[in-house]
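Below: the structure, in structure tokens.
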Amino acid sequence: MSNPTELATLVRAAIPRLYAFAYVMCGARDEAFVHVRESLRGLDRDALLAAERPNDLLLGKLARGIEEALGRKADHSFVILDNLLRSEETQPIDAEKPPIEGDLSRLPVLLWELKRTCLASVLGALPPGVRVSFVVTDLFGFPPGAAAELLGIKESAFRVRLTRARRRLEDYLAPRCGHIDRHNPCYCEGRLNLALETDFVRLPPHTADVPAAAYNDEPEHRDIAELYRTLPPVQPTPEQYEALVAVVVGDDVVPT
């Protein structure tokens, strides 16, 4: 019989990593919550407690579940992403428009959110099987052999996916993103107005995962994986956090 206290402690410790993984895979906070919740439902509690690496067991289950749920096609194409975010010339930020409405403290929050949302959306232009290879290895640090085992595929197939992911991200971001090269045409301040107008980005539900440093304080990142690794992990709300724990230990209540 599983120990509810031990189980709750284990799940609480695992949720931040699971939620951060789900976010970079799907690019939306609410969807990340749903993916983690569905992965935790029907969990073999005794097997989890007996596992040598319980956190990896949870991550592997989540990764396979997301890949299956998303299917084989990308969420959108690079062309659609360009049309959505780069269809107009850069614009100065209008601090009087919603959701800033003259509150300049919201500006750095929105710029961080745009940086994360944009880079997650670039990942969304990769097929899920290709996308997850990059996330598992280049963001979460699993070497190819361990990553292939985590996903339940052959290492040779995993390496093909990983190479494809890296190449496509490099081809798209290297000539566009200002975080890679300051001379590139796309930089967050110039795109924020359009991102807000198209509802591409919005104020996050909390600021616990917004760093104190400015979103562009770091030097250029010529390495695409390094750029992604500098993004602060997105965190669930306290209500979502407790609801995810409750999925495993009982009283499954979904926040509204």
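Ligands are numbered from 1 in the order shown, chains are lettered A, B, ... in the order of the structure tokens, and residues start at 1 in each chain.
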Neighbour list for segment 127-134 of chain A as a PyMOL selection string, cut-off 6 Å, only C-alpha atoms, skip fewer than 6 positions in-chain = chain A and resi 67+72-74+161-162+165
List every residue of segment 44-157 of chain A that has an atom at most 8 Å from any atom of segment 7-26 of chain A, giving for each one its closest atom pair and the distance in Å to one decimal, counting only C-alpha atoms, sorted by chain and then by ascending residue number, as a tab-separated table.
```
residue	atom	partner	partner_atom	distance
A:Arg45	CA	A:Leu7	CA	7.4
A:Leu49	CA	A:Leu7	CA	7.0
A:Asn55	CA	A:Ala14	CA	6.0
A:Leu58	CA	A:Leu18	CA	7.7
A:Leu59	CA	A:Leu18	CA	6.2
A:Leu62	CA	A:Leu18	CA	7.4
A:Ala63	CA	A:Ala22	CA	7.9
A:Ile66	CA	A:Ala22	CA	7.7
A:Ala120	CA	A:Val24	CA	5.4
A:Leu123	CA	A:Met25	CA	7.4
A:Gly124	CA	A:Cys26	CA	6.7
A:Pro128	CA	A:Met25	CA	7.8
A:Arg131	CA	A:Met25	CA	7.2
A:Val132	CA	A:Met25	CA	6.9
A:Val135	CA	A:Met25	CA	7.5
```
Residue subset to file, keeping C-alpha atoms, as a PDB file, in the first residue's frame:
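The result, stored in selection_31.pdb:
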```
ATOM      1  CA  ARG A  45       1.430   4.876  -6.902  1.00  0.00           C
ATOM      2  CA  LEU A  49       7.366   4.863  -4.737  1.00  0.00           C
ATOM      3  CA  ASN A  55      11.150  11.838 -10.997  1.00  0.00           C
ATOM      4  CA  LEU A  58       7.032  10.797 -13.971  1.00  0.00           C
ATOM      5  CA  LEU A  59       8.797  12.830 -16.647  1.00  0.00           C
ATOM      6  CA  LEU A  62       4.419  12.903 -19.186  1.00  0.00           C
ATOM      7  CA  ALA A  63       6.675  13.167 -22.255  1.00  0.00           C
ATOM      8  CA  ILE A  66       2.159  14.731 -24.521  1.00  0.00           C
ATOM      9  CA  ALA A 120       8.019  28.129 -27.074  1.00  0.00           C
ATOM     10  CA  LEU A 123       9.348  24.896 -30.784  1.00  0.00           C
ATOM     11  CA  GLY A 124       5.662  24.427 -31.609  1.00  0.00           C
ATOM     12  CA  PRO A 128       5.996  16.761 -31.475  1.00  0.00           C
ATOM     13  CA  ARG A 131      10.288  18.756 -30.533  1.00  0.00           C
ATOM     14  CA  VAL A 132      10.438  16.417 -27.551  1.00  0.00           C
ATOM     15  CA  VAL A 135      13.434  19.449 -25.003  1.00  0.00           C
TER      16      VAL A 135
END
```
Quick one: everything within 8 Å of Thr207 of chain A, counting only C-alpha atoms, minus sequence neighbours fewer than 3 positions away in the same chain. Send it as a list in words.
-> Val109, Pro204 and Val210 of chain A
Take the residues that were just selected and, keeping N, CA and C atoms, output them as a short mmCIF file (atom, residue, chain, number, x, y, z; two decimals), in the first residue's frame.
```cif
data_model
loop_
_atom_site.label_atom_id
_atom_site.label_comp_id
_atom_site.auth_asym_id
_atom_site.auth_seq_id
_atom_site.Cartn_x
_atom_site.Cartn_y
_atom_site.Cartn_z
N VAL A 109 7.41 42.42 -17.12
CA VAL A 109 6.70 41.14 -17.02
C VAL A 109 6.26 40.68 -18.40
N PRO A 204 0.76 37.29 -17.37
CA PRO A 204 0.69 35.97 -16.74
C PRO A 204 -0.13 36.02 -15.46
N VAL A 210 8.98 35.38 -12.89
CA VAL A 210 9.55 36.49 -13.65
C VAL A 210 10.82 36.97 -12.93
#
```
Identify which of the residues A:Thr230, A:Ala147, A:Val249, A:Glu220 lies closest to His183 of chain A, counting only C-alpha atoms when measuring atom-to-atom distances.
-> A:Glu220
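Neighbouring residues of segment 84-98 of chain A at 6 Å or closer, counting only C-alpha atoms and skipping chain neighbours under 3 positions away, are Leu81, Glu101, Gly102, Gly190, Arg191 and Asn193 of chain A.
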